[in-house]
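Scroll down for the structure; my scribbles are underneath it.
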Amino acid sequence: MLLIKKNKYSIIIFFAMTQFFIATNVLSESLKIGNENAKITVKVFSSLTCPHCASFHKKIFEKLKVNYIDTNKVKFEHHAFPLDLAALNAEKIVRCASSPEAKFKLLNKMYEEQKKWAVGSDIRKINETLIKIGVESRMEQSKLEKCLENENSQDIILKERIEAQKKFNIASTPTIYINEKKYEDKHEFKSFKKHIDKLL
């Protein structure tokens with residue numbers, strides 16, 4: 001798990017959050033997929049630049065989707081918890097997609113190609129790579145550029161992060177909850193499956 005710590009971008013995030021914060025619950029803005037009335041809700045708080053988050057997504061989410069989300073047994077929520085400016089901008093690109101399914105496909109691609117875009121300190125180059133990923137996902141470049149500049153989207157993501165910190169006391173990413181209970185077992189599908197099956 002990636003512990004939250006200060007870096008050159010986290011300072012930017014901190015000041016941005018203090019400017020955007022208002023006392024409202026915005027967790028409902030998180031990305032959701034699956035049956036709204038499912039018996040089980042899995043919430044994952046993650047930063048798109050976090051290698052452990054990418055690992056969790058690759059090892060667990062894809063199998064979870066086939067076996068539980070697509071069969072209406074589980075609702076899955078991705079909660080943005082950006083630890084740096086690159087992660088924040090990646091979230092803005094993901095939310096630029098037109099539907100929940102498209103957003104999750106783009107989220108998958110962000111994690112798959114994390115080592116390509118989440119590198120270096122030049123945010124302009126990072127943004128260019130993020131836009132390229134969006135274009136490869138059949139999105140218009142002009143739309144993606146506007147999404148990166150969208151202050152409303154940024155506002156929502158940063159408020160979501162603040163509310164998550166307040167409610168769930170996030171100390172590292174990814175932080176996972178299954179029906180409001182923190183998951184602290186191995187980040188392997190076999191272990192995760194046991195916890196899910198117990199609740200079905």
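Residues are referred to by chain and number: the chain letter is A, B, ... according to the order shown in the structure tokens, the number counts from 1 in that chain, and ligands are numbered separately from 1 in the order shown.
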Query raised in the report: Taking the backbone alone, and naming residues the way the document does, which bits of range 11-200 of chain A are helix (DSSP H, G or I) by DSSP, as a ChimeraX atom specification?
Result: /A:11-20,27-29,51-69,85-94,100-112,114-117,123-136,141-148,151-168,189-199
File dump, residues just selected, C-alpha atoms, as an mmCIF file, in the first residue's frame:
data_model
loop_
_atom_site.group_PDB
_atom_site.id
_atom_site.type_symbol
_atom_site.label_atom_id
_atom_site.label_comp_id
_atom_site.auth_asym_id
_atom_site.auth_seq_id
_atom_site.Cartn_x
_atom_site.Cartn_y
_atom_site.Cartn_z
ATOM 1 C CA ILE A 11 1.414 20.659 -1.781
ATOM 2 C CA ILE A 12 -0.446 21.862 -4.865
ATOM 3 C CA ILE A 13 -3.252 19.439 -4.096
ATOM 4 C CA PHE A 14 -3.474 20.660 -0.497
ATOM 5 C CA PHE A 15 -3.880 24.292 -1.451
ATOM 6 C CA ALA A 16 -6.348 23.444 -4.184
ATOM 7 C CA MET A 17 -8.466 21.442 -1.751
ATOM 8 C CA THR A 18 -8.599 24.233 0.792
ATOM 9 C CA GLN A 19 -9.870 26.571 -1.916
ATOM 10 C CA PHE A 20 -12.486 24.185 -3.230
ATOM 11 C CA LEU A 27 -19.058 10.764 -2.356
ATOM 12 C CA SER A 28 -21.991 10.149 -4.685
ATOM 13 C CA GLU A 29 -19.879 11.632 -7.485
ATOM 14 C CA PRO A 51 1.517 1.269 -8.206
ATOM 15 C CA HIS A 52 -0.253 -0.697 -5.462
ATOM 16 C CA CYS A 53 -3.599 0.626 -6.700
ATOM 17 C CA ALA A 54 -2.760 -0.508 -10.232
ATOM 18 C CA SER A 55 -1.766 -3.929 -8.904
ATOM 19 C CA PHE A 56 -5.015 -4.280 -6.944
ATOM 20 C CA HIS A 57 -7.046 -3.260 -9.960
ATOM 21 C CA LYS A 58 -5.294 -5.733 -12.267
ATOM 22 C CA LYS A 59 -5.347 -8.652 -9.828
ATOM 23 C CA ILE A 60 -8.836 -8.218 -8.405
ATOM 24 C CA PHE A 61 -11.118 -5.830 -10.303
ATOM 25 C CA GLU A 62 -11.166 -7.642 -13.645
ATOM 26 C CA LYS A 63 -12.102 -10.998 -12.068
ATOM 27 C CA LEU A 64 -14.500 -9.297 -9.676
ATOM 28 C CA LYS A 65 -16.288 -7.697 -12.617
ATOM 29 C CA VAL A 66 -16.789 -10.980 -14.479
ATOM 30 C CA ASN A 67 -17.812 -13.057 -11.450
ATOM 31 C CA TYR A 68 -19.721 -10.596 -9.294
ATOM 32 C CA ILE A 69 -20.342 -7.176 -10.852
ATOM 33 C CA LEU A 85 -1.244 16.535 -9.681
ATOM 34 C CA ALA A 86 -0.642 13.801 -12.253
ATOM 35 C CA ALA A 87 -3.196 11.543 -10.534
ATOM 36 C CA LEU A 88 -5.683 14.416 -10.347
ATOM 37 C CA ASN A 89 -5.357 15.097 -14.074
ATOM 38 C CA ALA A 90 -5.680 11.404 -14.895
ATOM 39 C CA GLU A 91 -8.958 11.318 -12.941
ATOM 40 C CA LYS A 92 -10.201 14.308 -14.942
ATOM 41 C CA ILE A 93 -9.468 12.432 -18.170
ATOM 42 C CA VAL A 94 -11.237 9.296 -16.906
ATOM 43 C CA PRO A 100 -19.852 4.456 -16.538
ATOM 44 C CA GLU A 101 -18.696 1.549 -18.704
ATOM 45 C CA ALA A 102 -16.495 3.825 -20.818
ATOM 46 C CA LYS A 103 -15.078 5.454 -17.688
ATOM 47 C CA PHE A 104 -14.097 2.092 -16.243
ATOM 48 C CA LYS A 105 -12.522 1.010 -19.531
ATOM 49 C CA LEU A 106 -10.434 4.170 -19.475
ATOM 50 C CA LEU A 107 -9.637 3.594 -15.804
ATOM 51 C CA ASN A 108 -8.364 0.123 -16.730
ATOM 52 C CA LYS A 109 -6.193 1.630 -19.455
ATOM 53 C CA MET A 110 -4.763 4.216 -17.044
ATOM 54 C CA TYR A 111 -3.690 1.450 -14.697
ATOM 55 C CA GLU A 112 -2.380 -0.757 -17.503
ATOM 56 C CA GLN A 114 0.635 3.675 -15.571
ATOM 57 C CA LYS A 115 4.380 3.137 -16.064
ATOM 58 C CA LYS A 116 4.189 5.061 -19.342
ATOM 59 C CA TRP A 117 2.420 8.219 -18.190
ATOM 60 C CA ILE A 123 3.323 17.809 -15.847
ATOM 61 C CA ARG A 124 3.010 19.057 -19.433
ATOM 62 C CA LYS A 125 4.492 15.832 -20.796
ATOM 63 C CA ILE A 126 2.306 13.811 -18.431
ATOM 64 C CA ASN A 127 -0.775 15.655 -19.665
ATOM 65 C CA GLU A 128 0.215 15.021 -23.289
ATOM 66 C CA THR A 129 0.494 11.300 -22.578
ATOM 67 C CA LEU A 130 -2.851 11.278 -20.757
ATOM 68 C CA ILE A 131 -4.512 12.940 -23.743
ATOM 69 C CA LYS A 132 -2.879 10.394 -26.056
ATOM 70 C CA ILE A 133 -4.346 7.570 -23.968
ATOM 71 C CA GLY A 134 -7.759 9.194 -24.251
ATOM 72 C CA VAL A 135 -7.408 9.541 -28.028
ATOM 73 C CA GLU A 136 -6.445 5.857 -28.257
ATOM 74 C CA GLN A 141 -8.461 15.436 -28.450
ATOM 75 C CA SER A 142 -10.243 18.786 -28.185
ATOM 76 C CA LYS A 143 -12.701 17.309 -25.683
ATOM 77 C CA LEU A 144 -9.861 15.812 -23.628
ATOM 78 C CA GLU A 145 -8.025 19.125 -23.552
ATOM 79 C CA LYS A 146 -11.163 20.845 -22.284
ATOM 80 C CA CYS A 147 -11.590 18.147 -19.631
ATOM 81 C CA LEU A 148 -8.095 18.831 -18.309
ATOM 82 C CA GLU A 151 -12.371 23.367 -12.923
ATOM 83 C CA ASN A 152 -15.768 21.914 -12.047
ATOM 84 C CA SER A 153 -14.478 18.367 -12.538
ATOM 85 C CA GLN A 154 -11.410 19.201 -10.483
ATOM 86 C CA ASP A 155 -13.657 20.695 -7.809
ATOM 87 C CA ILE A 156 -15.698 17.489 -7.560
ATOM 88 C CA ILE A 157 -12.641 15.206 -7.399
ATOM 89 C CA LEU A 158 -10.937 17.256 -4.699
ATOM 90 C CA LYS A 159 -14.096 17.511 -2.612
ATOM 91 C CA GLU A 160 -14.505 13.757 -2.945
ATOM 92 C CA ARG A 161 -10.973 13.290 -1.617
ATOM 93 C CA ILE A 162 -11.640 15.559 1.357
ATOM 94 C CA GLU A 163 -14.879 13.798 2.251
ATOM 95 C CA ALA A 164 -13.212 10.402 1.983
ATOM 96 C CA GLN A 165 -10.432 11.535 4.301
ATOM 97 C CA LYS A 166 -12.960 12.824 6.823
ATOM 98 C CA LYS A 167 -15.244 9.784 6.769
ATOM 99 C CA PHE A 168 -12.784 6.925 6.248
ATOM 100 C CA PHE A 189 -8.508 -12.407 -5.789
ATOM 101 C CA LYS A 190 -8.682 -15.680 -3.849
ATOM 102 C CA SER A 191 -8.595 -13.857 -0.505
ATOM 103 C CA PHE A 192 -10.931 -11.115 -1.722
ATOM 104 C CA LYS A 193 -13.393 -13.710 -3.042
ATOM 105 C CA LYS A 194 -13.631 -15.363 0.391
ATOM 106 C CA HIS A 195 -14.749 -12.084 1.953
ATOM 107 C CA ILE A 196 -17.317 -11.509 -0.782
ATOM 108 C CA ASP A 197 -18.734 -15.034 -0.632
ATOM 109 C CA LYS A 198 -19.255 -14.827 3.129
ATOM 110 C CA LEU A 199 -21.668 -11.945 2.572
#
Requested in this report: Tell me which protein, DNA and RNA residues are within 8 Å of Ser46 in chain A, counting only C-alpha atoms, leaving out same-chain ones fewer than 4 positions away, and put them as a list in words.
Outcome: Cys50, Cys53, His78, His79, Ala80, Phe81, Pro82, Thr173, Pro174 and Thr175 of chain A
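Among A:Thr49, A:Asn150, A:Asn179, A:Ser99, the residue with the shortest atom-to-atom distance to Phe76 in chain A, counting only C-alpha atoms, is A:Asn179.
Between Asp84 in chain A and the candidates A:Ser30, A:Ser137, A:Ser47, A:Asn37, the tightest atom-to-atom separation, counting only C-alpha atoms, involves A:Ser47.
Rounded to one decimal, CA of Lys182 in chain A and CA of Thr71 in chain A lie 23.3 Å from each other.
A straight line drawn from CA of Glu184 in chain A to CA of Glu113 in chain A is 26.3 Å long.
Every residue of range 39-93 of chain A found in strand (DSSP E or B) when DSSP is run on the backbone appears here: A:Ile40, A:Thr41, A:Val42, A:Lys43, A:Val44, A:Phe45, A:Ser46, A:Val74, A:Lys75, A:Phe76, A:Glu77, A:His78, A:His79, A:Ala80.
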Output file for the residues above (N, CA and C atoms, as a short mmCIF file (atom, residue, chain, number, x, y, z; two decimals), in the first residue's frame):
data_model
loop_
_atom_site.label_atom_id
_atom_site.label_comp_id
_atom_site.auth_asym_id
_atom_site.auth_seq_id
_atom_site.Cartn_x
_atom_site.Cartn_y
_atom_site.Cartn_z
N ILE A 40 -23.86 -6.34 -1.97
CA ILE A 40 -22.50 -5.99 -1.56
C ILE A 40 -21.99 -4.78 -2.33
N THR A 41 -21.39 -3.85 -1.62
CA THR A 41 -20.76 -2.69 -2.24
C THR A 41 -19.27 -2.69 -1.89
N VAL A 42 -18.46 -2.64 -2.92
CA VAL A 42 -17.01 -2.56 -2.74
C VAL A 42 -16.57 -1.14 -3.09
N LYS A 43 -15.91 -0.50 -2.15
CA LYS A 43 -15.39 0.85 -2.37
C LYS A 43 -13.87 0.81 -2.34
N VAL A 44 -13.27 1.38 -3.37
CA VAL A 44 -11.81 1.43 -3.42
C VAL A 44 -11.37 2.89 -3.55
N PHE A 45 -10.59 3.33 -2.58
CA PHE A 45 -10.05 4.69 -2.57
C PHE A 45 -8.62 4.60 -3.10
N SER A 46 -8.38 5.22 -4.24
CA SER A 46 -7.07 5.04 -4.86
C SER A 46 -6.60 6.27 -5.62
N VAL A 74 -22.50 -7.56 -6.96
CA VAL A 74 -21.65 -6.54 -6.34
C VAL A 74 -21.75 -5.22 -7.09
N LYS A 75 -21.83 -4.15 -6.33
CA LYS A 75 -21.68 -2.81 -6.91
C LYS A 75 -20.27 -2.33 -6.56
N PHE A 76 -19.55 -1.83 -7.54
CA PHE A 76 -18.18 -1.40 -7.33
C PHE A 76 -18.07 0.11 -7.47
N GLU A 77 -17.37 0.74 -6.53
CA GLU A 77 -17.19 2.18 -6.57
C GLU A 77 -15.70 2.52 -6.55
N HIS A 78 -15.29 3.29 -7.52
CA HIS A 78 -13.92 3.82 -7.54
C HIS A 78 -13.97 5.23 -6.97
N HIS A 79 -13.30 5.44 -5.86
CA HIS A 79 -13.25 6.76 -5.23
C HIS A 79 -11.89 7.40 -5.47
N ALA A 80 -11.91 8.56 -6.07
CA ALA A 80 -10.66 9.25 -6.39
C ALA A 80 -10.00 9.75 -5.11
#
